[in-house]
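Visitor: So here's final02.cif (mmCIF, C-alpha atoms).
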```cif
data_target
#
loop_
_atom_site.label_atom_id
_atom_site.label_comp_id
_atom_site.auth_asym_id
_atom_site.auth_seq_id
_atom_site.Cartn_x
_atom_site.Cartn_y
_atom_site.Cartn_z
CA MET S 1277 19.75 -16.40 2.33
CA GLU S 1278 16.74 -16.03 0.04
CA PRO S 1279 15.80 -12.47 -1.00
CA ALA S 1280 12.68 -10.98 0.53
CA SER S 1281 9.51 -11.38 -1.46
CA GLU S 1282 8.38 -8.35 -3.46
CA ASP S 1283 4.97 -8.78 -1.83
CA LEU S 1284 6.40 -8.61 1.71
CA ASP S 1285 4.45 -6.18 3.87
CA ILE S 1286 7.31 -4.49 5.72
CA HIS S 1287 5.03 -2.76 8.22
CA ALA S 1288 3.22 -5.98 9.10
CA HIS S 1289 6.54 -7.83 9.39
CA CYS S 1290 8.07 -5.19 11.69
CA ARG S 1291 4.90 -5.10 13.75
CA SER S 1292 5.04 -8.87 14.14
CA LEU S 1293 8.67 -8.67 15.28
CA ALA S 1294 7.84 -5.90 17.77
CA LEU S 1295 4.95 -7.89 19.20
CA GLN S 1296 7.22 -10.93 19.46
CA GLN S 1297 9.81 -8.82 21.30
CA ILE S 1298 7.16 -7.54 23.72
CA GLY S 1299 5.99 -11.10 24.33
CA VAL S 1300 9.53 -12.32 25.07
CA LEU S 1301 10.20 -9.40 27.43
CA THR S 1302 6.92 -10.08 29.21
CA ARG S 1303 7.90 -13.71 29.69
CA LEU S 1304 11.37 -12.73 30.96
CA ALA S 1305 9.78 -10.32 33.43
CA GLU S 1306 7.42 -13.05 34.64
CA ILE S 1307 10.26 -15.55 35.16
CA GLY S 1308 12.42 -12.90 36.81
CA MET S 1309 9.53 -12.01 39.12
CA GLN S 1310 9.13 -15.64 40.14
CA LEU S 1311 12.85 -15.90 40.92
CA ALA S 1312 12.82 -12.58 42.76
CA GLU S 1313 9.88 -13.70 44.86
CA ALA S 1314 11.65 -16.96 45.72
CA GLU S 1315 14.89 -15.18 46.71
CA GLY S 1316 12.88 -12.59 48.64
CA ALA S 1317 11.25 -15.35 50.62
CA ASN S 1318 14.69 -16.90 51.26
CA ALA S 1319 16.05 -13.54 52.43
CA LEU S 1320 13.13 -13.05 54.83
CA ALA S 1321 13.57 -16.55 56.21
CA ALA S 1322 17.33 -16.00 56.68
CA GLN S 1323 16.66 -12.70 58.45
CA ALA S 1324 14.29 -14.51 60.79
CA ARG S 1325 17.01 -17.07 61.56
CA VAL S 1326 19.47 -14.24 62.28
CA ALA S 1327 17.03 -12.82 64.80
CA GLU S 1328 16.58 -16.24 66.44
CA ALA S 1329 20.33 -16.83 66.57
CA ARG S 1330 20.86 -13.51 68.35
CA ALA S 1331 18.18 -14.38 70.85
CA ASP S 1332 19.86 -17.73 71.62
CA ASP S 1333 23.29 -16.05 71.68
CA ALA S 1334 24.71 -18.62 69.25
CA SER S 1335 27.37 -16.66 67.39
CA ALA S 1336 28.27 -19.41 64.88
CA GLU S 1337 24.64 -19.90 63.92
CA ALA S 1338 24.15 -16.13 63.71
CA THR S 1339 27.14 -15.80 61.37
CA LYS S 1340 25.78 -18.50 59.09
CA ALA S 1341 22.32 -16.97 59.06
CA LYS S 1342 23.73 -13.55 58.24
CA ALA S 1343 25.67 -14.99 55.29
CA GLU S 1344 22.57 -16.72 53.97
CA ALA S 1345 20.51 -13.57 54.39
CA ARG S 1346 23.13 -11.48 52.57
CA GLU S 1347 23.37 -13.98 49.68
CA ALA S 1348 19.59 -14.22 49.32
CA GLY S 1349 19.30 -10.42 49.44
CA LEU S 1350 21.87 -9.99 46.69
CA ALA S 1351 20.12 -12.59 44.53
CA PHE S 1352 16.79 -10.87 45.12
CA SER S 1353 18.31 -7.51 44.06
CA ARG S 1354 19.73 -9.02 40.86
CA PHE S 1355 16.43 -10.59 39.87
CA ALA S 1356 14.52 -7.42 40.79
CA ARG S 1357 16.81 -5.35 38.55
CA SER S 1358 16.34 -7.91 35.78
CA VAL S 1359 12.57 -7.56 36.08
CA GLN S 1360 12.81 -3.77 36.02
CA HIS S 1361 15.07 -3.89 32.96
CA SER S 1362 12.70 -6.23 31.10
CA LEU S 1363 9.71 -4.04 31.93
CA SER S 1364 11.60 -0.94 30.81
CA LEU S 1365 12.55 -2.53 27.49
CA ARG S 1366 8.98 -3.75 27.03
CA SER S 1367 7.61 -0.26 27.66
CA ARG S 1368 10.08 1.20 25.16
CA ALA S 1369 9.17 -1.41 22.55
CA ALA S 1370 5.47 -0.71 23.08
CA ASP S 1371 6.04 3.04 22.70
CA HIS S 1372 7.96 2.50 19.46
CA LEU S 1373 5.24 0.19 18.20
CA CYS S 1374 2.56 2.80 18.91
CA ALA S 1375 4.63 5.53 17.25
CA ARG S 1376 5.19 3.37 14.16
CA ALA S 1377 1.49 2.56 14.06
CA LYS S 1378 0.59 6.26 14.09
CA ASP S 1379 3.14 6.99 11.37
CA HIS S 1380 1.83 4.08 9.32
CA VAL S 1381 -1.74 5.34 9.61
CA ALA S 1382 -0.61 8.79 8.45
CA VAL S 1383 1.29 7.28 5.51
CA GLN S 1384 -1.66 5.08 4.62
CA GLU S 1385 -4.03 8.03 4.70
CA ALA S 1386 -1.74 10.09 2.47
CA ALA S 1387 -1.39 7.14 0.08
CA ARG S 1388 -5.15 6.68 0.09
CA LYS S 1389 -5.71 10.33 -0.86
CA ALA S 1390 -3.21 10.04 -3.70
CA ARG S 1391 -4.80 6.78 -4.88
CA ARG S 1392 -8.27 8.33 -4.65
CA ALA S 1393 -7.12 11.31 -6.73
CA ARG S 1394 -5.60 9.01 -9.38
CA HIS S 1395 -8.78 6.93 -9.38
CA ARG S 1396 -10.98 10.00 -9.83
CA ASP S 1397 -8.78 11.51 -12.54
CA GLU S 1398 -8.80 8.31 -14.56
CA VAL S 1399 -12.57 7.88 -14.25
CA GLU S 1400 -13.38 11.46 -15.26
CA PHE S 1401 -10.77 11.69 -18.01
CA THR S 1402 -11.60 8.32 -19.57
CA LEU S 1403 -15.36 8.91 -19.59
CA GLY S 1404 -14.73 12.35 -21.07
CA LEU S 1405 -12.78 10.73 -23.90
CA MET S 1406 -15.53 8.20 -24.41
CA ILE S 1407 -18.17 10.95 -24.64
CA ASN S 1408 -16.14 12.86 -27.22
CA ASP S 1409 -15.51 9.70 -29.26
CA GLU S 1410 -19.02 8.27 -29.17
CA VAL S 1411 -21.32 11.31 -29.22
CA GLU S 1412 -21.45 13.35 -32.45
CA ASP S 1413 -23.80 16.15 -31.33
CA LEU S 1414 -21.49 18.83 -29.88
CA ASP S 1415 -24.27 20.37 -27.79
CA ARG S 1416 -25.00 16.97 -26.31
CA VAL S 1417 -21.28 16.48 -25.66
CA ALA S 1418 -21.16 19.70 -23.66
CA GLU S 1419 -24.24 18.66 -21.65
CA LEU S 1420 -22.81 15.23 -20.91
CA GLU S 1421 -19.44 16.65 -19.88
CA ALA S 1422 -21.14 19.02 -17.43
CA GLU S 1423 -23.29 16.22 -16.06
CA LEU S 1424 -20.27 13.93 -15.79
CA GLU S 1425 -18.38 16.53 -13.77
CA GLU S 1426 -21.33 16.85 -11.40
CA ARG S 1427 -21.77 13.09 -11.03
CA VAL S 1428 -18.07 12.54 -10.35
CA GLU S 1429 -17.99 15.31 -7.75
CA ASP S 1430 -21.01 13.79 -6.02
CA LEU S 1431 -19.49 10.29 -6.08
CA TYR S 1432 -16.11 11.25 -4.60
CA GLN S 1433 -17.11 13.95 -2.12
CA ASP S 1434 -17.83 11.57 0.77
CA GLU S 1435 -14.42 10.47 2.10
CA ASP S 1436 -16.02 7.61 4.06
CA VAL S 1437 -17.06 5.93 0.83
CA ARG S 1438 -13.93 4.21 -0.44
CA VAL S 1439 -14.65 4.53 -4.14
CA GLU S 1440 -10.94 4.13 -4.85
CA ASP S 1441 -11.12 0.49 -3.69
CA ARG S 1442 -13.53 -0.37 -6.50
CA PRO S 1443 -12.28 -1.36 -9.97
CA VAL S 1444 -12.06 1.67 -12.23
CA GLY S 1445 -13.96 -0.10 -14.96
CA SER S 1446 -16.86 -0.86 -12.61
CA VAL S 1447 -17.08 2.77 -11.49
CA MET S 1448 -16.99 4.03 -15.08
CA ALA S 1449 -19.62 1.52 -16.18
CA GLY S 1450 -21.95 2.69 -13.40
CA LEU S 1451 -21.52 6.36 -14.26
CA ALA S 1452 -21.94 5.64 -17.98
CA SER S 1453 -25.26 3.94 -17.31
CA GLY S 1454 -26.42 6.95 -15.32
CA LEU S 1455 -25.47 9.20 -18.22
CA GLY S 1456 -27.48 7.03 -20.61
CA LEU S 1457 -24.33 5.79 -22.33
CA THR S 1458 -24.44 2.10 -21.47
CA GLU S 1459 -24.14 0.90 -25.07
CA GLU S 1460 -21.45 3.46 -25.86
CA TRP S 1461 -19.43 2.31 -22.85
CA ARG S 1462 -19.91 -1.34 -23.81
CA ARG S 1463 -18.30 -0.58 -27.17
CA TRP S 1464 -15.67 1.86 -25.99
CA GLY S 1465 -14.76 0.24 -22.67
CA ALA S 1466 -14.06 -3.12 -24.25
CA LEU S 1467 -10.44 -1.99 -24.69
CA GLY S 1468 -9.70 -3.08 -21.15
CA TRP S 1469 -9.96 -0.35 -18.52
CA PRO S 1470 -11.03 -2.43 -15.50
CA ALA S 1471 -7.78 -2.29 -13.50
CA THR S 1472 -7.56 -0.18 -10.39
CA PRO S 1473 -4.83 2.48 -10.23
CA ARG S 1474 -1.65 0.75 -9.16
CA PRO S 1475 -3.04 -2.77 -9.64
CA ALA S 1476 -1.39 -5.71 -7.92
CA ARG S 1477 1.33 -7.51 -9.82
CA PRO S 1478 0.04 -10.44 -11.88
CA ALA S 1479 -0.03 -13.52 -9.66
CA GLY S 1480 -0.93 -17.20 -9.83
CA SER S 1481 0.32 -19.89 -12.16
CA GLU S 1482 2.71 -19.07 -14.99
CA ALA S 1483 -0.16 -19.38 -17.45
CA LYS S 1484 -2.32 -16.94 -15.47
CA VAL S 1485 0.54 -14.45 -15.18
CA ARG S 1486 1.22 -14.66 -18.92
CA ALA S 1487 -2.47 -14.22 -19.72
CA GLU S 1488 -2.84 -11.22 -17.41
CA ARG S 1489 0.29 -9.57 -18.78
CA ALA S 1490 -0.95 -10.13 -22.31
CA ARG S 1491 -4.32 -8.61 -21.40
CA ARG S 1492 -2.71 -5.53 -19.85
CA ARG S 1493 -0.33 -5.16 -22.78
CA GLY S 1494 -3.19 -5.39 -25.26
CA ALA S 1495 -5.20 -2.77 -23.34
CA VAL S 1496 -2.26 -0.37 -23.25
CA VAL S 1497 -1.45 -0.86 -26.94
CA ALA S 1498 -5.10 -0.25 -27.85
CA ALA S 1499 -5.08 2.97 -25.82
CA VAL S 1500 -1.88 4.15 -27.51
CA GLU S 1501 -3.37 3.31 -30.92
CA ARG S 1502 -6.19 5.72 -30.11
CA ALA S 1503 -3.58 8.44 -29.70
CA PHE S 1504 -2.01 7.45 -33.02
CA ALA S 1505 -5.41 7.83 -34.70
CA GLU S 1506 -5.55 11.48 -33.61
CA ILE S 1507 -2.26 12.41 -35.28
CA PRO S 1508 -2.97 14.72 -38.24
CA ASP S 1509 -0.19 13.24 -40.40
CA PRO S 1510 -0.89 9.48 -40.86
CA SER S 1511 2.53 8.97 -42.48
CA ARG S 1512 4.08 9.21 -39.02
CA ILE S 1513 2.10 6.31 -37.61
CA PRO S 1514 4.29 3.43 -38.97
CA GLY S 1515 7.37 4.99 -37.38
CA LEU S 1516 5.51 5.48 -34.10
CA ARG S 1517 4.36 1.86 -34.15
CA ALA S 1518 7.94 0.74 -34.65
CA GLY S 1519 9.01 2.91 -31.73
CA LEU S 1520 6.18 1.50 -29.63
CA ALA S 1521 7.30 -2.06 -30.38
CA VAL S 1522 10.79 -1.22 -29.13
CA ARG S 1523 9.52 0.55 -26.02
CA LEU S 1524 7.33 -2.41 -25.08
CA GLN S 1525 10.48 -4.55 -24.73
CA GLU S 1526 12.27 -2.13 -22.40
CA PRO S 1527 12.43 -2.84 -18.65
CA ASP S 1528 10.67 0.32 -17.49
CA VAL S 1529 7.65 -0.36 -19.70
CA ILE S 1530 7.51 -4.00 -18.61
CA GLU S 1531 7.42 -2.73 -15.02
CA TRP S 1532 4.62 -0.27 -15.86
CA LEU S 1533 2.55 -3.05 -17.39
CA ASP S 1534 2.90 -5.01 -14.14
CA THR S 1535 2.21 -2.17 -11.71
CA GLU S 1536 0.31 0.69 -13.37
CA CYS S 1537 -3.21 1.09 -14.68
CA THR S 1538 -3.95 1.21 -18.40
CA PHE S 1539 -4.20 4.99 -18.61
CA VAL S 1540 -0.94 5.71 -16.74
CA ALA S 1541 1.07 3.19 -18.77
CA ALA S 1542 -0.41 4.39 -22.07
CA ASP S 1543 0.12 8.05 -21.19
CA ARG S 1544 3.77 7.45 -20.28
CA LEU S 1545 4.34 5.49 -23.46
CA CYS S 1546 2.83 8.24 -25.60
CA ARG S 1547 4.96 10.90 -23.95
CA SER S 1548 8.10 8.83 -24.41
CA LEU S 1549 7.26 8.64 -28.13
CA GLY S 1550 6.88 12.39 -28.35
CA ILE S 1551 3.09 12.58 -28.49
CA GLY S 1552 0.30 13.27 -26.02
CA MET S 1553 -2.68 11.01 -25.55
CA TYR S 1554 -5.71 12.06 -27.57
CA PHE S 1555 -4.34 15.42 -28.69
CA ASP S 1556 -4.28 16.69 -32.24
CA ASP S 1557 -0.72 17.99 -32.22
CA LEU S 1558 2.58 16.34 -31.53
CA GLU S 1559 4.05 17.37 -28.20
CA THR S 1560 7.52 17.49 -26.75
CA ALA S 1561 8.69 14.09 -25.56
CA ASP S 1562 8.83 13.53 -21.82
CA THR S 1563 10.76 10.37 -21.10
CA GLY S 1564 11.32 11.15 -17.45
#
```
So that I can check it, write out the structure of this file as structure tokens.

Guide:
Amino acid sequence: MEPASEDLDIHAHCRSLALQQIGVLTRLAEIGMQLAEAEGANALAAQARVAEARADDASAEATKAKAEAREAGLAFSRFARSVQHSLSLRSRAADHLCARAKDHVAVQEAARKARRARHRDEVEFTLGLMINDEVEDLDRVAELEAELEERVEDLYQDEDVRVEDRPVGSVMAGLASGLGLTEEWRRWGALGWPATPRPARPAGSEAKVRAERARRRGAVVAAVERAFAEIPDPSRIPGLRAGLAVRLQEPDVIEWLDTECTFVAADRLCRSLGIGMYFDDLETADTG
């Protein structure tokens, strides 16, 4: 038996199976109803013959008619119970399907809120870094940070607008243009921040998968290098780069590169190397 695909939508698969079960039970109920109707008609006809036999006082014919009526009645009862059982199972399957659908909606909504929060955090944090890197006037930095906070709040306040479904890079580019930082973003954002939080695994031909993984790896390494540049003691950087090279070969990091956005993967890498992203001081390592 082949293993299930990593891209298998379990909810959709279970829903399909439940709908198939309901369809089969519906068909069984329909067939059982047809058989029950036929045996019911036979039982009624046999009962009519019993009545006629009694009127003619033909005991042998009456006995035969009674046997036929009894047999048809039993068959009708069996088919009727079968129909009832099929309908009961169908009703139960439909109830379970509805309950699962409600649970799935609740889970989806919770996941959406978490994804929206990650999306917002990355947008605001990344643009804040860009402002601090690209703008030298500290008063202007403070003004832009305040304006950015206001713009982000305005963008994400309407829950009906699914901002989290848009690429992070596209959202940041739009906000940067509104802040008058289009050129700064064009320089700073070229490091590769366009992925959405929790991007899909690289897919397509082997060449496309390799190219996408290389792009994501390059974006993450560039982000980590920014953290290295903030370390007050440059003599530590060669050792950190060596540690980074090792970490990039480890299974957990390979998984991050396939499933996490640039910021999350870079932040986790920095913490596992004992530093924080874009901070002046070394921090305690967090490899969990």

Visitor: Can you list what the PyMOL selection byres ((chain S and resi 1449-1451) around 9) grabs from this structure, as a VMD selection string?

Guide: chain S and resid 1403 1424 1427 to 1428 1444 to 1448 1452 to 1458 1461 to 1462 1465

Visitor: Can you tell me how far atom CA of Ala1356 of chain S sits from atom CA of Glu1313 of chain S, in Å to one decimal?

Guide: 8.8 Å

Visitor: Taking all atoms of segment 1530-1538 of chain S that the file lists and extending 4 Å past them on each side, where is the centre of the axis-aligned box and how long are its edges? Answer in Å to one decimal, as AutoDock Vina command-line options.

Guide:
```
--center_x 1.8 --center_y -1.9 --center_z -15.2 --size_x 19.5 --size_y 14.2 --size_z 14.9
```

Visitor: Written as a list of chain:residue names, which residues does the PyMOL selection byres ((chain S and resi 1366) around 12) give for the file shown?

Guide: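 Checking the PyMOL selection byres ((chain S and resi 1366) around 12) against this file, the residues are S:Ala1294, S:Leu1295, S:Gln1296, S:Gln1297, S:Ile1298, S:Gly1299, S:Val1300, S:Leu1301, S:Thr1302, S:Arg1303, S:Leu1304, S:Ala1305, S:Val1359, S:Gln1360, S:His1361, S:Ser1362, S:Leu1363, S:Ser1364, S:Leu1365, S:Ser1367, S:Arg1368, S:Ala1369, S:Ala1370, S:Asp1371, S:His1372, S:Leu1373.
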
Visitor: Could you write those residues out with C-alpha atoms, as an mmCIF file, keeping the file's coordinate frame?

Guide:
```cif
data_model
loop_
_atom_site.group_PDB
_atom_site.id
_atom_site.type_symbol
_atom_site.label_atom_id
_atom_site.label_comp_id
_atom_site.auth_asym_id
_atom_site.auth_seq_id
_atom_site.Cartn_x
_atom_site.Cartn_y
_atom_site.Cartn_z
ATOM 1 C CA ALA S 1294 7.840 -5.900 17.770
ATOM 2 C CA LEU S 1295 4.950 -7.890 19.200
ATOM 3 C CA GLN S 1296 7.220 -10.930 19.460
ATOM 4 C CA GLN S 1297 9.810 -8.820 21.300
ATOM 5 C CA ILE S 1298 7.160 -7.540 23.720
ATOM 6 C CA GLY S 1299 5.990 -11.100 24.330
ATOM 7 C CA VAL S 1300 9.530 -12.320 25.070
ATOM 8 C CA LEU S 1301 10.200 -9.400 27.430
ATOM 9 C CA THR S 1302 6.920 -10.080 29.210
ATOM 10 C CA ARG S 1303 7.900 -13.710 29.690
ATOM 11 C CA LEU S 1304 11.370 -12.730 30.960
ATOM 12 C CA ALA S 1305 9.780 -10.320 33.430
ATOM 13 C CA VAL S 1359 12.570 -7.560 36.080
ATOM 14 C CA GLN S 1360 12.810 -3.770 36.020
ATOM 15 C CA HIS S 1361 15.070 -3.890 32.960
ATOM 16 C CA SER S 1362 12.700 -6.230 31.100
ATOM 17 C CA LEU S 1363 9.710 -4.040 31.930
ATOM 18 C CA SER S 1364 11.600 -0.940 30.810
ATOM 19 C CA LEU S 1365 12.550 -2.530 27.490
ATOM 20 C CA SER S 1367 7.610 -0.260 27.660
ATOM 21 C CA ARG S 1368 10.080 1.200 25.160
ATOM 22 C CA ALA S 1369 9.170 -1.410 22.550
ATOM 23 C CA ALA S 1370 5.470 -0.710 23.080
ATOM 24 C CA ASP S 1371 6.040 3.040 22.700
ATOM 25 C CA HIS S 1372 7.960 2.500 19.460
ATOM 26 C CA LEU S 1373 5.240 0.190 18.200
#
```

Visitor: Which residue, S:Ala1505, S:Cys1290, S:Ile1551, S:Ala1521, has the smallest gap to Arg1376 of chain S when you use all atoms listed in the file?

Guide: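 Selected residue with least distance to Arg1376 of chain S: S:Cys1290.
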
Visitor: For atom CA of Val1522 of chain S and atom CA of Arg1486 of chain S, determine how far apart the two atoms are, in Å to one decimal place.

Guide: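 The value is 19.4 Å.
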
Visitor: I'd like the residues picked by the PyMOL selection byres ((chain S and resi 1545) around 9) written out as a ChimeraX atom specification, using the chain letters and numbers from the file.

Guide: /S:1496,1500,1520,1523-1524,1529,1540-1544,1546-1551,1563

Visitor: Export C-alpha atoms of the chosen residues as a PDB file, keeping the file's coordinate frame?

Guide:
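Below is the file that was written, result_8.pdb:
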```
ATOM      1  CA  VAL S1496      -2.260  -0.370 -23.250  1.00  0.00           C
ATOM      2  CA  VAL S1500      -1.880   4.150 -27.510  1.00  0.00           C
ATOM      3  CA  LEU S1520       6.180   1.500 -29.630  1.00  0.00           C
ATOM      4  CA  ARG S1523       9.520   0.550 -26.020  1.00  0.00           C
ATOM      5  CA  LEU S1524       7.330  -2.410 -25.080  1.00  0.00           C
ATOM      6  CA  VAL S1529       7.650  -0.360 -19.700  1.00  0.00           C
ATOM      7  CA  VAL S1540      -0.940   5.710 -16.740  1.00  0.00           C
ATOM      8  CA  ALA S1541       1.070   3.190 -18.770  1.00  0.00           C
ATOM      9  CA  ALA S1542      -0.410   4.390 -22.070  1.00  0.00           C
ATOM     10  CA  ASP S1543       0.120   8.050 -21.190  1.00  0.00           C
ATOM     11  CA  ARG S1544       3.770   7.450 -20.280  1.00  0.00           C
ATOM     12  CA  CYS S1546       2.830   8.240 -25.600  1.00  0.00           C
ATOM     13  CA  ARG S1547       4.960  10.900 -23.950  1.00  0.00           C
ATOM     14  CA  SER S1548       8.100   8.830 -24.410  1.00  0.00           C
ATOM     15  CA  LEU S1549       7.260   8.640 -28.130  1.00  0.00           C
ATOM     16  CA  GLY S1550       6.880  12.390 -28.350  1.00  0.00           C
ATOM     17  CA  ILE S1551       3.090  12.580 -28.490  1.00  0.00           C
ATOM     18  CA  THR S1563      10.760  10.370 -21.100  1.00  0.00           C
TER      19      THR S1563
END
```

Visitor: Determine the nearest neighbour of Gly1552 of chain S from the options S:Arg1517, S:Arg1512, S:Arg1502, S:Lys1389, counting all atoms listed in the file.

Guide: S:Arg1502

Visitor: So how far away is atom CA of Ala1479 of chain S from atom CA of Ile1530 of chain S, in Å?

Guide: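 Those two atoms sit 15.1 Å apart.
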
Visitor: Check the smallest atom-to-atom distance from each of S:Phe1401, S:Gln1310, S:Gly1349, S:Leu1516 to Ala1322 of chain S using only C-alpha atoms, then report the winner.

Guide: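 Looking at the shortest contact to Ala1322 of chain S, the residue is S:Gly1349.
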
Visitor: Between S:Leu1405, S:Tyr1432, S:Ala1288, S:Glu1347, single out the one closest to Ala1377 of chain S, counting all atoms listed in the file.

Guide: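 Of the candidates, the smallest distance to Ala1377 of chain S is held by S:Ala1288.
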
Visitor: For the point (15.8, -15.4, 44.9) in the file's frame, write as a PDB file with C-alpha atoms, in the frame of the given file all residues with an atom no more than 6 Å away, counting only C-alpha atoms.

Guide:
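In the end it all went to result_27.pdb:
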```pdb
ATOM      1  CA  LEU S1311      12.850 -15.900  40.920  1.00  0.00           C
ATOM      2  CA  ALA S1312      12.820 -12.580  42.760  1.00  0.00           C
ATOM      3  CA  ALA S1314      11.650 -16.960  45.720  1.00  0.00           C
ATOM      4  CA  GLU S1315      14.890 -15.180  46.710  1.00  0.00           C
ATOM      5  CA  GLY S1316      12.880 -12.590  48.640  1.00  0.00           C
ATOM      6  CA  ALA S1348      19.590 -14.220  49.320  1.00  0.00           C
ATOM      7  CA  ALA S1351      20.120 -12.590  44.530  1.00  0.00           C
ATOM      8  CA  PHE S1352      16.790 -10.870  45.120  1.00  0.00           C
TER       9      PHE S1352
END
```

Visitor: Neighbouring residues of Asp1534 of chain S were defined as those with any atom within 12 Å, considering all atoms listed in the file; residues of the same chain fewer than 3 positions away were excluded. Please report them as a VMD selection string.

Guide: chain S and resid 1471 1473 to 1479 1485 to 1486 1488 to 1493 1496 1527 to 1531 1537 to 1538 1540 to 1541

Visitor: Step by step: locate segment 1398-1448 of chain S in the block above, keep C-alpha atoms, then write the file as a compact mmCIF listing (two decimals), in the first residue's frame.

Guide:
```
# COMPACT_ATOMS: atom_id res chain seq x y z
CA GLU S 1398 5.90 39.74 9.82
CA VAL S 1399 4.69 42.73 7.80
CA GLU S 1400 5.02 45.21 10.66
CA PHE S 1401 8.30 43.83 12.01
CA THR S 1402 9.99 43.59 8.60
CA LEU S 1403 8.97 47.08 7.50
CA GLY S 1404 10.14 48.39 10.87
CA LEU S 1405 13.55 46.84 10.25
CA MET S 1406 13.65 48.30 6.77
CA ILE S 1407 12.85 51.78 8.10
CA ASN S 1408 15.62 51.56 10.70
CA ASP S 1409 18.11 50.28 8.13
CA GLU S 1410 17.31 52.68 5.31
CA VAL S 1411 16.40 55.96 7.06
CA GLU S 1412 19.22 57.84 8.83
CA ASP S 1413 17.19 60.72 10.33
CA LEU S 1414 16.07 59.43 13.75
CA ASP S 1415 13.17 61.88 13.94
CA ARG S 1416 11.98 60.68 10.55
CA VAL S 1417 12.37 57.07 11.73
CA ALA S 1418 10.08 57.75 14.69
CA GLU S 1419 7.50 59.40 12.42
CA LEU S 1420 7.57 56.53 9.95
CA GLU S 1421 7.27 53.92 12.70
CA ALA S 1422 4.20 55.68 14.10
CA GLU S 1423 2.68 55.98 10.64
CA LEU S 1424 3.46 52.34 9.89
CA GLU S 1425 1.70 51.22 13.07
CA GLU S 1426 -1.37 53.23 12.07
CA ARG S 1427 -1.38 51.94 8.49
CA VAL S 1428 -1.02 48.32 9.61
CA GLU S 1429 -3.83 48.67 12.14
CA ASP S 1430 -6.08 50.16 9.47
CA LEU S 1431 -5.21 47.40 6.98
CA TYR S 1432 -5.88 44.46 9.31
CA GLN S 1433 -8.83 45.75 11.32
CA ASP S 1434 -11.51 44.56 8.86
CA GLU S 1435 -11.78 40.78 9.36
CA ASP S 1436 -13.72 40.42 6.09
CA VAL S 1437 -10.68 41.53 4.12
CA ARG S 1438 -8.46 38.46 3.92
CA VAL S 1439 -5.13 40.26 3.89
CA GLU S 1440 -3.45 37.10 5.14
CA ASP S 1441 -4.16 35.41 1.79
CA ARG S 1442 -1.99 37.93 -0.04
CA PRO S 1443 1.78 37.42 -0.40
CA VAL S 1444 3.64 39.13 2.43
CA GLY S 1445 5.99 40.81 0.00
CA SER S 1446 3.09 42.32 -1.94
CA VAL S 1447 1.51 43.71 1.24
CA MET S 1448 4.82 45.18 2.40
```
